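Contents: one structure, followed by commentary.
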Amino acid sequence: MQKVLKGRSSTFILILFIPFLITGCAGGQLGKQSSKEFRNGMVVSAREEASQVGIDILKKGGNAVDAAVAVQFALAVVYPNAGNLGGGGFMVYRSAKGETNSLDFREKAPAAASRNMYLDSLGQPIVDKSLYGTLAAGVPGSVAGMYEAHQKYGKLKWADLIEPSVLLAQHGFKVTEKQAKELNELHDDFSRLNPLGTALIKEGTWQAGEKMVQAELAQTLIQIRDHGRDGFYQGTVADAVVAEMQRTGGIITKQDLQNYKAIWRKPIIGQYRGYKVITMPPPSSGGIALLQLLGSVEGYPLKKWGHNADSTVQLMVEAERRTYADRAAHLGDPDFYKVPQKHLMESSYLKQRMSNFSWAKATLSSAIGAGVMPPAEHEETTHFSIVDREGNSVSLTTTLNGSYGALVAVKGAGFLLNNEMDDFSVKPGAPNMYGLVGGEANAIQPDKRMLSSMTPAILEKEGDLFMVVGTPGGSTIMTSVFQTILNVIDFDMSMQAAVNAKKFHHQWLPDVVQVEEGALDSVTRVKLESKGYPIKVRGPIGRVDAILKNKWGYYQAGADPRGDDKAVGW
Ligand code: DON
């Protein structure tokens with residue numbers, strides 16, 4: 001017997017399967033074994049409808065990869081801010097037996113891209129050019145990625161994984177309050193960049209609970225359902241992409257689309273306090289950064305100091321400063337740039353990096369490097385975590401980069417294009433929309449993948465699955481995953497409490513500790529400020545969606561209350 005624990009229950013899918021819903025409710029401190037824990041599987045994603053699609057696939061006998069494919073497509077419909085067909089991402093996989101793999105379906109620069117394509121005649125970045133419109137888009141990777149994942153690990157038929165999304169696009173989904181607000185705020189930009197119209201704009205304003213029907217997107221999904229990856233990279237959908245490019249000055253060609261390949265890569269594997277951490281290698285910087293961060297703090301008694309105590313925060317901030325400085329200099333697409341991966345994660349290197357840190361006062365970032373950061377703009381990526389009945393798990397982060405990507409929906413195909421080209425270093429030292437700087441390693445080159453911060457991760461304890469974790473948040477991704485892991489391992493929090501806990505972030509440049517309201521008590525804040533740590537309160541950090549396996553073998557979820565995220569288990 002299934003029962004609804006909490007949440008809206010009005011989608012047509014819910015009529016078919018009244019689910020166990022676990023919300024990311026504020027303060028939800030789940031016990032180590034509670035009625036919100038499940039044995040057979042769990043899906044945690046940015047939207048209830050997508051989590052439900054995933055759990056339905058698991059119940060039909062699909063495995064975690066089948067569910068991941070279905071969730072990725074469902075999010076492209078019900079979470080157009082970041083769920084996507086026109087973007088890319090990374091997937092980390094662990095089978096129940098412990099086999100691991102990772103899939104890179106990151107976008108890449110079109111063949112006609114060039115190093116200085118976003119600079120003016122004086123060599124200065126034209127910021128909007130890498131952020132809005134078709135020129136900001138990299139060659140999309142998501143459909144190729146999902147197809148590749150399914151080819152290798154899928155159990156159910158491909159078409160059955162896409163069908164729920166076709167229905168969601170055809171019948172519509174209910175926009176949430178947050179989505180209605182964002183869509184209304186972006187109305188004028190969408191109108192300007194989509195003169196031929198898009199389902200994202202309507203006369204008047206969007207209201208929470210109103211249905212969004214996406215007829216063009218449904219047609220694209222039908223092409224993908226019936227023709228696999230070719231339904232996207234060839235045929236009418238590819239024609240529509242190229243026509244959009246030609247109408248608006250974009251540079252993605254048919255050849256670019258046909259040539260796109262998702263790549264299986266050897267995951268990054270490291271240890272933290274006896275837990276095995278399996279995560280994403282370059283072209284994401286996330287995995288290396290996560291292991292650098294964990295390795296830099298492992299020798300210290302965080303548990304004794306306590307969560308967000310001044311010593312804990314100080315140590316973590318100093319580790320973050322050094323890690324992000326390394327990211328800027330050393331990380332890029334490994335197919336174009338030799339990343340010193342092994343060296344960056346060696347414990348002797350990390351010890352040496354931390355050796356000039358002083359408890360008496362903050363290290364200055366200028367002593368490590370230099371740069372500036374503009375305020376972060378609207379940002380949106382999305383992460384989901386899945387475990388199936390056998391214990392196979394998927395940790396997948398996917399993005400259009402900014403919220404709604406380049407703000408261009410391909411006319412006739414109904415999906416949004418990414419603005420991922422902004423993740424390249426458009427000019428050495430010039431900050432991207434997350435304030436991240438870079439240089440040669442991440443310079444634009446034809447067919448190169450732009451550096452990412454996405455950090456899907458899976459943890460093992462004594463050879464068994466322990467945690468599936470990841471988050472959106474641009475440059476804050478690695479520090480959010482880092483804190484979530486520490487919250488569970490060092491500070492004994494439940495999965496939901498670890499996700500809910502207030503976070504802080506330092507990224508080397510600008511030299512400031514960004515904190516969520518309430519992350520630090522006033523005494524801690526004063527202590528840190530007196531040592532020279534500038535502190536700036538900001539909006540929400542991260543939207544972690546994670547799963548923890550407890551010692552009795554039950555799965556408990558953490559669905560981030562900062563978004564509309566939902567977990568569904570069975
Ligand atoms: O790949 C990256 O690092 C960025 N494009 C991710 C963007 C992101 O997380 C926005 N989210 N909130």
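To be explicit about the labels: the chains of the structure tokens are called A, B, and onward in the order shown, and within each one the residues are counted from 1, while ligands get numbers from 1 in the order they are shown.
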Could you list, as a VMD selection string, all protein and nucleic acid residues with an atom at most 6 Å from ligand 1, counting only C-alpha atoms and all ligand atoms? chain A and resid 379 to 381 401 to 402 420 423 452 to 454 472 to 474
Interface rows for segment 385-464 of chain A against segment 331-347 of chain A: nearest pair, Å to one decimal, 12 Å, only C-alpha atoms, as a tab-separated table:
residue	atom	partner	partner_atom	distance
A:Asp423	CA	A:Gly332	CA	10.4
A:Phe424	CA	A:Gly332	CA	8.8
A:Ser425	CA	A:Gly332	CA	9.7
A:Leu436	CA	A:Leu331	CA	12.0
A:Val437	CA	A:Leu331	CA	11.0
A:Gly438	CA	A:Leu331	CA	8.4
A:Gly439	CA	A:Leu331	CA	9.1
A:Glu440	CA	A:Gly332	CA	8.4
A:Ala441	CA	A:Gly332	CA	4.8
A:Asn442	CA	A:Gly332	CA	4.7
A:Ala443	CA	A:Gly332	CA	8.2
A:Ile444	CA	A:Gly332	CA	10.1
A:Gln445	CA	A:Phe336	CA	8.5
A:Pro446	CA	A:Phe336	CA	10.1
A:Asp447	CA	A:Phe336	CA	9.4
A:Lys448	CA	A:Asp333	CA	6.6
A:Arg449	CA	A:Asp333	CA	5.5
A:Met450	CA	A:Asp333	CA	6.6
A:Leu451	CA	A:Gly332	CA	5.2
A:Ser452	CA	A:Gly332	CA	8.4
A:Ser453	CA	A:Leu331	CA	10.4
How would the residues just chosen look if you wrote them out with N, CA, C and O atoms as a PDB file, in the first residue's frame?
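Heads up, here's the output in out-v1.pdb:
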ATOM      1  N   ASP A 423      31.058  29.573 -19.792  1.00  0.00           N
ATOM      2  CA  ASP A 423      31.904  28.833 -18.852  1.00  0.00           C
ATOM      3  C   ASP A 423      33.354  28.729 -19.325  1.00  0.00           C
ATOM      4  O   ASP A 423      34.233  28.308 -18.564  1.00  0.00           O
ATOM      5  N   PHE A 424      33.598  29.066 -20.584  1.00  0.00           N
ATOM      6  CA  PHE A 424      34.997  29.197 -21.004  1.00  0.00           C
ATOM      7  C   PHE A 424      35.567  30.458 -20.377  1.00  0.00           C
ATOM      8  O   PHE A 424      34.838  31.361 -19.962  1.00  0.00           O
ATOM      9  N   SER A 425      36.876  30.521 -20.330  1.00  0.00           N
ATOM     10  CA  SER A 425      37.511  31.760 -19.946  1.00  0.00           C
ATOM     11  C   SER A 425      37.544  32.608 -21.226  1.00  0.00           C
ATOM     12  O   SER A 425      38.340  32.344 -22.123  1.00  0.00           O
ATOM     13  N   LEU A 436      34.084  33.271 -11.742  1.00  0.00           N
ATOM     14  CA  LEU A 436      35.242  32.380 -11.872  1.00  0.00           C
ATOM     15  C   LEU A 436      36.162  32.911 -12.954  1.00  0.00           C
ATOM     16  O   LEU A 436      35.708  33.358 -14.019  1.00  0.00           O
ATOM     17  N   VAL A 437      37.440  32.840 -12.678  1.00  0.00           N
ATOM     18  CA  VAL A 437      38.416  33.280 -13.675  1.00  0.00           C
ATOM     19  C   VAL A 437      39.195  32.058 -14.168  1.00  0.00           C
ATOM     20  O   VAL A 437      39.188  31.005 -13.546  1.00  0.00           O
ATOM     21  N   GLY A 438      39.835  32.236 -15.304  1.00  0.00           N
ATOM     22  CA  GLY A 438      40.616  31.127 -15.842  1.00  0.00           C
ATOM     23  C   GLY A 438      41.643  31.663 -16.820  1.00  0.00           C
ATOM     24  O   GLY A 438      41.757  32.875 -17.004  1.00  0.00           O
ATOM     25  N   GLY A 439      42.331  30.738 -17.441  1.00  0.00           N
ATOM     26  CA  GLY A 439      43.368  31.159 -18.378  1.00  0.00           C
ATOM     27  C   GLY A 439      43.446  30.194 -19.531  1.00  0.00           C
ATOM     28  O   GLY A 439      42.430  29.690 -20.017  1.00  0.00           O
ATOM     29  N   GLU A 440      44.686  29.893 -19.902  1.00  0.00           N
ATOM     30  CA  GLU A 440      44.931  29.066 -21.077  1.00  0.00           C
ATOM     31  C   GLU A 440      44.192  27.711 -21.030  1.00  0.00           C
ATOM     32  O   GLU A 440      43.624  27.270 -22.028  1.00  0.00           O
ATOM     33  N   ALA A 441      44.215  27.094 -19.853  1.00  0.00           N
ATOM     34  CA  ALA A 441      43.622  25.747 -19.752  1.00  0.00           C
ATOM     35  C   ALA A 441      42.171  25.735 -20.198  1.00  0.00           C
ATOM     36  O   ALA A 441      41.683  24.741 -20.723  1.00  0.00           O
ATOM     37  N   ASN A 442      41.479  26.860 -19.990  1.00  0.00           N
ATOM     38  CA  ASN A 442      40.043  26.906 -20.296  1.00  0.00           C
ATOM     39  C   ASN A 442      39.734  27.957 -21.365  1.00  0.00           C
ATOM     40  O   ASN A 442      38.636  28.505 -21.415  1.00  0.00           O
ATOM     41  N   ALA A 443      40.713  28.241 -22.226  1.00  0.00           N
ATOM     42  CA  ALA A 443      40.471  29.198 -23.326  1.00  0.00           C
ATOM     43  C   ALA A 443      39.612  28.524 -24.395  1.00  0.00           C
ATOM     44  O   ALA A 443      39.599  27.297 -24.513  1.00  0.00           O
ATOM     45  N   ILE A 444      38.889  29.340 -25.166  1.00  0.00           N
ATOM     46  CA  ILE A 444      38.005  28.773 -26.211  1.00  0.00           C
ATOM     47  C   ILE A 444      38.829  28.191 -27.349  1.00  0.00           C
ATOM     48  O   ILE A 444      39.765  28.823 -27.845  1.00  0.00           O
ATOM     49  N   GLN A 445      38.473  26.979 -27.751  1.00  0.00           N
ATOM     50  CA  GLN A 445      39.028  26.365 -28.956  1.00  0.00           C
ATOM     51  C   GLN A 445      37.909  25.589 -29.636  1.00  0.00           C
ATOM     52  O   GLN A 445      37.018  25.070 -28.947  1.00  0.00           O
ATOM     53  N   PRO A 446      37.931  25.489 -30.955  1.00  0.00           N
ATOM     54  CA  PRO A 446      36.891  24.718 -31.641  1.00  0.00           C
ATOM     55  C   PRO A 446      36.799  23.308 -31.059  1.00  0.00           C
ATOM     56  O   PRO A 446      37.826  22.686 -30.780  1.00  0.00           O
ATOM     57  N   ASP A 447      35.588  22.830 -30.858  1.00  0.00           N
ATOM     58  CA  ASP A 447      35.301  21.462 -30.395  1.00  0.00           C
ATOM     59  C   ASP A 447      35.755  21.157 -28.969  1.00  0.00           C
ATOM     60  O   ASP A 447      35.702  20.001 -28.538  1.00  0.00           O
ATOM     61  N   LYS A 448      36.191  22.159 -28.247  1.00  0.00           N
ATOM     62  CA  LYS A 448      36.647  21.928 -26.866  1.00  0.00           C
ATOM     63  C   LYS A 448      35.451  22.034 -25.906  1.00  0.00           C
ATOM     64  O   LYS A 448      34.516  22.795 -26.155  1.00  0.00           O
ATOM     65  N   ARG A 449      35.508  21.292 -24.814  1.00  0.00           N
ATOM     66  CA  ARG A 449      34.480  21.394 -23.781  1.00  0.00           C
ATOM     67  C   ARG A 449      34.897  22.459 -22.767  1.00  0.00           C
ATOM     68  O   ARG A 449      36.052  22.499 -22.330  1.00  0.00           O
ATOM     69  N   MET A 450      33.918  23.277 -22.384  1.00  0.00           N
ATOM     70  CA  MET A 450      34.170  24.333 -21.400  1.00  0.00           C
ATOM     71  C   MET A 450      34.235  23.718 -19.998  1.00  0.00           C
ATOM     72  O   MET A 450      33.539  22.740 -19.711  1.00  0.00           O
ATOM     73  N   LEU A 451      35.079  24.295 -19.149  1.00  0.00           N
ATOM     74  CA  LEU A 451      35.256  23.761 -17.796  1.00  0.00           C
ATOM     75  C   LEU A 451      33.957  23.925 -16.998  1.00  0.00           C
ATOM     76  O   LEU A 451      33.272  24.937 -17.119  1.00  0.00           O
ATOM     77  N   SER A 452      33.680  22.951 -16.179  1.00  0.00           N
ATOM     78  CA  SER A 452      32.455  22.977 -15.374  1.00  0.00           C
ATOM     79  C   SER A 452      32.788  22.856 -13.894  1.00  0.00           C
ATOM     80  O   SER A 452      33.891  22.454 -13.517  1.00  0.00           O
ATOM     81  N   SER A 453      31.820  23.198 -13.071  1.00  0.00           N
ATOM     82  CA  SER A 453      31.950  22.971 -11.622  1.00  0.00           C
ATOM     83  C   SER A 453      31.056  21.837 -11.144  1.00  0.00           C
ATOM     84  O   SER A 453      31.030  21.532  -9.947  1.00  0.00           O
TER      85      SER A 453
END
For Thr323 of chain A, which of A:Ala218, A:Ile485, A:Leu509, A:Ala497 is the closest residue, counting only C-alpha atoms? A:Leu509
I want to know what sits within 9 Å of Ile162 of chain A, based on only C-alpha atoms, with residues of the same chain fewer than 2 positions away left out; could you give that as a ChimeraX atom specification? /A:69-70,73-74,158-160,164-166,221-222,224-225
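Compared by their closest atoms to Leu58 of chain A, and using only C-alpha atoms, the residues A:Gly532, A:Gly391, A:Pro281, A:Gly228 rank with A:Gly391 nearest.
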Near Met316 of chain A, within 10 Å and counting only C-alpha atoms, which residues show up once chain neighbours fewer than 5 positions away are dropped, as a PyMOL selection string? chain A and resi 293-294+296-297+302+308+310-311+321+479+482-483+504-506
Would you mind exporting N, CA and C atoms of the selected residues as a CSV table (one decimal), in the first residue's frame?
chain,number,residue,atom,x,y,z
A,293,LEU,N,39.3,19.5,-1.5
A,293,LEU,CA,38.7,20.1,-0.3
A,293,LEU,C,38.7,19.1,0.8
A,294,LEU,N,38.2,17.9,0.5
A,294,LEU,CA,38.2,16.9,1.6
A,294,LEU,C,39.6,16.5,2.1
A,296,SER,N,42.2,18.4,2.1
A,296,SER,CA,42.8,19.5,2.9
A,296,SER,C,42.3,19.6,4.3
A,297,VAL,N,41.1,19.1,4.6
A,297,VAL,CA,40.5,19.2,6.0
A,297,VAL,C,40.6,17.9,6.8
A,302,LEU,N,37.2,18.2,12.9
A,302,LEU,CA,36.0,19.0,12.6
A,302,LEU,C,34.9,18.7,13.6
A,308,ASN,N,29.9,24.6,11.5
A,308,ASN,CA,30.0,26.1,11.3
A,308,ASN,C,30.6,26.8,12.5
A,310,ASP,N,33.8,28.6,14.4
A,310,ASP,CA,34.8,29.5,13.8
A,310,ASP,C,36.0,28.7,13.2
A,311,SER,N,36.5,27.8,14.0
A,311,SER,CA,37.7,27.0,13.5
A,311,SER,C,37.3,26.2,12.2
A,321,ARG,N,39.8,28.6,-0.7
A,321,ARG,CA,40.6,29.6,-1.4
A,321,ARG,C,41.7,29.0,-2.3
A,479,THR,N,31.6,23.6,-3.1
A,479,THR,CA,31.6,23.8,-1.7
A,479,THR,C,30.3,23.3,-1.1
A,482,PHE,N,30.7,19.5,-0.8
A,482,PHE,CA,31.7,19.4,0.3
A,482,PHE,C,31.1,19.5,1.7
A,483,GLN,N,30.3,20.6,1.9
A,483,GLN,CA,29.6,20.8,3.2
A,483,GLN,C,28.6,19.7,3.5
A,504,PHE,N,28.0,28.2,3.5
A,504,PHE,CA,28.9,29.3,3.2
A,504,PHE,C,29.8,28.9,2.0
A,505,HIS,N,30.5,29.9,1.5
A,505,HIS,CA,31.2,29.7,0.2
A,505,HIS,C,32.3,30.7,0.1
A,506,HIS,N,33.5,30.2,-0.3
A,506,HIS,CA,34.6,31.1,-0.7
A,506,HIS,C,35.2,30.5,-2.0
For Lys155 of chain A, please output as a count of residues only all residues within 10 Å (counting only C-alpha atoms; exclusion window: fewer than 4 positions along the same chain). 8
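If you measure from each of A:Thr455, A:Ser494, A:Asn550, A:Asn432 to Ala289 of chain A using only C-alpha atoms, the closest one turns out to be A:Thr455.
Across the structure, atom CA of Leu217 of chain A and atom CA of Val237 of chain A are spaced 10.0 Å apart.
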Interatomic distance (Å, one decimal) between atom CA of Ala557 of chain A and atom CA of Lys276 of chain A: 19.7 Å
Residues near Ile251 of chain A, cut-off 7 Å, only C-alpha atoms, skip fewer than 3 positions along chain, as a PyMOL selection string: chain A and resi 110+112+135+245
What does the file look like for those residues with N, CA and C atoms, as a short mmCIF file (atom, residue, chain, number, x, y, z; two decimals), in the first residue's frame?
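Saved file again.cif follows:
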data_model
loop_
_atom_site.label_atom_id
_atom_site.label_comp_id
_atom_site.auth_asym_id
_atom_site.auth_seq_id
_atom_site.Cartn_x
_atom_site.Cartn_y
_atom_site.Cartn_z
N PRO A 110 31.34 25.04 -30.82
CA PRO A 110 31.16 24.71 -32.24
C PRO A 110 32.50 24.81 -32.98
N ALA A 112 33.28 26.43 -35.48
CA ALA A 112 33.61 27.80 -35.92
C ALA A 112 33.93 28.74 -34.75
N LEU A 135 24.54 32.71 -30.15
CA LEU A 135 26.01 32.67 -30.17
C LEU A 135 26.58 32.19 -28.82
N MET A 245 19.98 29.17 -35.90
CA MET A 245 21.33 29.74 -35.94
C MET A 245 21.44 30.75 -37.09
#
Extract, using only C-alpha atoms, all DNA, RNA and protein residues at most 9 Å from Ala498 of chain A, discarding same-chain residues fewer than 3 positions from it, and format them as a PDB file with all heavy atoms, in the first residue's frame.
ATOM      1  N   GLN A  29      14.376  17.001  10.202  1.00  0.00           N
ATOM      2  CA  GLN A  29      15.488  16.194  10.703  1.00  0.00           C
ATOM      3  C   GLN A  29      15.025  14.742  10.770  1.00  0.00           C
ATOM      4  O   GLN A  29      14.347  14.346  11.712  1.00  0.00           O
ATOM      5  CB  GLN A  29      15.874  16.661  12.103  1.00  0.00           C
ATOM      6  CG  GLN A  29      16.235  18.138  12.168  1.00  0.00           C
ATOM      7  CD  GLN A  29      17.715  18.347  12.331  1.00  0.00           C
ATOM      8  OE1 GLN A  29      18.435  17.445  12.706  1.00  0.00           O
ATOM      9  NE2 GLN A  29      18.183  19.541  12.050  1.00  0.00           N
ATOM     10  N   GLN A 483      30.262  20.559   1.871  1.00  0.00           N
ATOM     11  CA  GLN A 483      29.618  20.762   3.167  1.00  0.00           C
ATOM     12  C   GLN A 483      28.577  19.674   3.464  1.00  0.00           C
ATOM     13  O   GLN A 483      28.440  19.227   4.599  1.00  0.00           O
ATOM     14  CB  GLN A 483      28.949  22.143   3.214  1.00  0.00           C
ATOM     15  CG  GLN A 483      29.975  23.254   3.325  1.00  0.00           C
ATOM     16  CD  GLN A 483      29.369  24.634   3.116  1.00  0.00           C
ATOM     17  OE1 GLN A 483      28.890  25.257   4.052  1.00  0.00           O
ATOM     18  NE2 GLN A 483      29.392  25.108   1.888  1.00  0.00           N
ATOM     19  N   THR A 484      27.868  19.253   2.431  1.00  0.00           N
ATOM     20  CA  THR A 484      26.842  18.224   2.661  1.00  0.00           C
ATOM     21  C   THR A 484      27.494  16.922   3.128  1.00  0.00           C
ATOM     22  O   THR A 484      27.009  16.252   4.044  1.00  0.00           O
ATOM     23  CB  THR A 484      26.035  17.998   1.366  1.00  0.00           C
ATOM     24  OG1 THR A 484      25.551  19.261   0.914  1.00  0.00           O
ATOM     25  CG2 THR A 484      24.861  17.068   1.603  1.00  0.00           C
ATOM     26  N   ILE A 485      28.617  16.590   2.504  1.00  0.00           N
ATOM     27  CA  ILE A 485      29.334  15.362   2.906  1.00  0.00           C
ATOM     28  C   ILE A 485      29.845  15.497   4.342  1.00  0.00           C
ATOM     29  O   ILE A 485      29.674  14.589   5.177  1.00  0.00           O
ATOM     30  CB  ILE A 485      30.491  15.081   1.920  1.00  0.00           C
ATOM     31  CG1 ILE A 485      29.918  14.681   0.548  1.00  0.00           C
ATOM     32  CG2 ILE A 485      31.423  13.988   2.456  1.00  0.00           C
ATOM     33  CD1 ILE A 485      30.951  14.528  -0.559  1.00  0.00           C
ATOM     34  N   LEU A 486      30.448  16.631   4.663  1.00  0.00           N
ATOM     35  CA  LEU A 486      30.942  16.821   6.040  1.00  0.00           C
ATOM     36  C   LEU A 486      29.784  16.783   7.036  1.00  0.00           C
ATOM     37  O   LEU A 486      29.911  16.242   8.139  1.00  0.00           O
ATOM     38  CB  LEU A 486      31.674  18.155   6.179  1.00  0.00           C
ATOM     39  CG  LEU A 486      32.957  18.375   5.375  1.00  0.00           C
ATOM     40  CD1 LEU A 486      33.653  19.654   5.833  1.00  0.00           C
ATOM     41  CD2 LEU A 486      33.924  17.216   5.480  1.00  0.00           C
ATOM     42  N   ASN A 487      28.652  17.379   6.652  1.00  0.00           N
ATOM     43  CA  ASN A 487      27.506  17.415   7.572  1.00  0.00           C
ATOM     44  C   ASN A 487      27.083  16.006   7.991  1.00  0.00           C
ATOM     45  O   ASN A 487      26.689  15.782   9.129  1.00  0.00           O
ATOM     46  CB  ASN A 487      26.318  18.132   6.919  1.00  0.00           C
ATOM     47  CG  ASN A 487      26.552  19.632   6.816  1.00  0.00           C
ATOM     48  OD1 ASN A 487      27.485  20.156   7.417  1.00  0.00           O
ATOM     49  ND2 ASN A 487      25.714  20.316   6.054  1.00  0.00           N
ATOM     50  N   VAL A 488      27.187  15.077   7.057  1.00  0.00           N
ATOM     51  CA  VAL A 488      26.795  13.700   7.390  1.00  0.00           C
ATOM     52  C   VAL A 488      27.937  12.967   8.090  1.00  0.00           C
ATOM     53  O   VAL A 488      27.755  12.383   9.165  1.00  0.00           O
ATOM     54  CB  VAL A 488      26.370  12.932   6.113  1.00  0.00           C
ATOM     55  CG1 VAL A 488      26.161  11.451   6.409  1.00  0.00           C
ATOM     56  CG2 VAL A 488      25.095  13.547   5.538  1.00  0.00           C
ATOM     57  N   PHE A 491      29.516  15.588  11.098  1.00  0.00           N
ATOM     58  CA  PHE A 491      28.598  16.209  12.060  1.00  0.00           C
ATOM     59  C   PHE A 491      27.327  15.381  12.297  1.00  0.00           C
ATOM     60  O   PHE A 491      26.369  15.878  12.897  1.00  0.00           O
ATOM     61  CB  PHE A 491      28.261  17.640  11.601  1.00  0.00           C
ATOM     62  CG  PHE A 491      29.491  18.481  11.400  1.00  0.00           C
ATOM     63  CD1 PHE A 491      29.789  19.031  10.162  1.00  0.00           C
ATOM     64  CD2 PHE A 491      30.396  18.689  12.441  1.00  0.00           C
ATOM     65  CE1 PHE A 491      30.939  19.789   9.963  1.00  0.00           C
ATOM     66  CE2 PHE A 491      31.554  19.440  12.259  1.00  0.00           C
ATOM     67  CZ  PHE A 491      31.830  19.987  11.015  1.00  0.00           C
ATOM     68  N   ASP A 492      27.359  14.136  11.825  1.00  0.00           N
ATOM     69  CA  ASP A 492      26.300  13.159  12.152  1.00  0.00           C
ATOM     70  C   ASP A 492      24.886  13.605  11.817  1.00  0.00           C
ATOM     71  O   ASP A 492      23.936  13.268  12.539  1.00  0.00           O
ATOM     72  CB  ASP A 492      26.351  12.812  13.659  1.00  0.00           C
ATOM     73  CG  ASP A 492      27.597  12.040  14.006  1.00  0.00           C
ATOM     74  OD1 ASP A 492      28.064  11.275  13.137  1.00  0.00           O
ATOM     75  OD2 ASP A 492      28.103  12.221  15.131  1.00  0.00           O
ATOM     76  N   MET A 493      24.724  14.393  10.773  1.00  0.00           N
ATOM     77  CA  MET A 493      23.363  14.819  10.423  1.00  0.00           C
ATOM     78  C   MET A 493      22.685  13.764   9.552  1.00  0.00           C
ATOM     79  O   MET A 493      23.345  13.010   8.841  1.00  0.00           O
ATOM     80  CB  MET A 493      23.406  16.137   9.643  1.00  0.00           C
ATOM     81  CG  MET A 493      23.866  17.319  10.458  1.00  0.00           C
ATOM     82  SD  MET A 493      23.675  18.828   9.481  1.00  0.00           S
ATOM     83  CE  MET A 493      24.850  19.898  10.317  1.00  0.00           C
ATOM     84  N   SER A 494      21.358  13.757   9.604  1.00  0.00           N
ATOM     85  CA  SER A 494      20.591  12.952   8.651  1.00  0.00           C
ATOM     86  C   SER A 494      20.755  13.595   7.274  1.00  0.00           C
ATOM     87  O   SER A 494      21.237  14.729   7.159  1.00  0.00           O
ATOM     88  CB  SER A 494      19.111  12.955   9.034  1.00  0.00           C
ATOM     89  OG  SER A 494      18.582  14.250   8.808  1.00  0.00           O
ATOM     90  N   MET A 495      20.316  12.878   6.237  1.00  0.00           N
ATOM     91  CA  MET A 495      20.466  13.431   4.895  1.00  0.00           C
ATOM     92  C   MET A 495      19.702  14.747   4.743  1.00  0.00           C
ATOM     93  O   MET A 495      20.221  15.726   4.216  1.00  0.00           O
ATOM     94  CB  MET A 495      19.966  12.412   3.854  1.00  0.00           C
ATOM     95  CG  MET A 495      20.398  12.708   2.447  1.00  0.00           C
ATOM     96  SD  MET A 495      22.169  12.480   2.157  1.00  0.00           S
ATOM     97  CE  MET A 495      22.827  14.120   2.243  1.00  0.00           C
ATOM     98  N   ALA A 501      20.943  22.367   6.150  1.00  0.00           N
ATOM     99  CA  ALA A 501      21.879  23.205   6.918  1.00  0.00           C
ATOM    100  C   ALA A 501      22.364  24.393   6.089  1.00  0.00           C
ATOM    101  O   ALA A 501      22.650  24.272   4.900  1.00  0.00           O
ATOM    102  CB  ALA A 501      23.067  22.353   7.361  1.00  0.00           C
ATOM    103  N   LYS A 502      22.476  25.540   6.724  1.00  0.00           N
ATOM    104  CA  LYS A 502      22.903  26.767   6.040  1.00  0.00           C
ATOM    105  C   LYS A 502      24.351  26.631   5.596  1.00  0.00           C
ATOM    106  O   LYS A 502      25.180  26.064   6.312  1.00  0.00           O
ATOM    107  CB  LYS A 502      22.777  27.957   6.990  1.00  0.00           C
ATOM    108  CG  LYS A 502      21.362  28.184   7.479  1.00  0.00           C
ATOM    109  CD  LYS A 502      20.486  28.742   6.387  1.00  0.00           C
ATOM    110  CE  LYS A 502      19.117  29.087   6.954  1.00  0.00           C
ATOM    111  NZ  LYS A 502      18.150  29.360   5.903  1.00  0.00           N
ATOM    112  N   GLY A 558      17.368  13.649   0.963  1.00  0.00           N
ATOM    113  CA  GLY A 558      17.468  15.061   1.293  1.00  0.00           C
ATOM    114  C   GLY A 558      17.061  15.817   0.042  1.00  0.00           C
ATOM    115  O   GLY A 558      17.770  15.781  -0.961  1.00  0.00           O
TER     116      GLY A 558
END
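Between atom CA of Ala319 of chain A and atom CA of Asp104 of chain A the separation is 26.7 Å.
Closest approach to Leu103 of chain A from the set A:Ala262, A:Val408, A:Ala215, A:Leu85 is made by A:Ala262, with distances taken over only C-alpha atoms.
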Return as a PyMOL selection string the full set of residues in segment 434-490 of chain A whose backbone-based DSSP assignment is alpha helix (DSSP H). chain A and resi 477-489
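When only C-alpha atoms are used to measure the gap to Tyr275 of chain A, the shortest distance among A:Gly98, A:Gly553, A:Gly539, A:Gly463 belongs to A:Gly463.
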Using DSSP on the backbone coordinates, identify the residues of segment 467-551 of chain A assigned to strand (DSSP E or B); present them as a list in words. Met467, Val468, Val469, Phe504, His505, Val513, Gln514, Val515, Glu516, Ile535, Lys536, Val537, Arg538, Asp545, Ala546, Ile547, Leu548 and Lys549 of chain A
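Using only C-alpha atoms, the smallest distance between any of A:Leu459, A:Ser385, A:Thr198, A:Gly250 and Met117 of chain A comes from A:Gly250.
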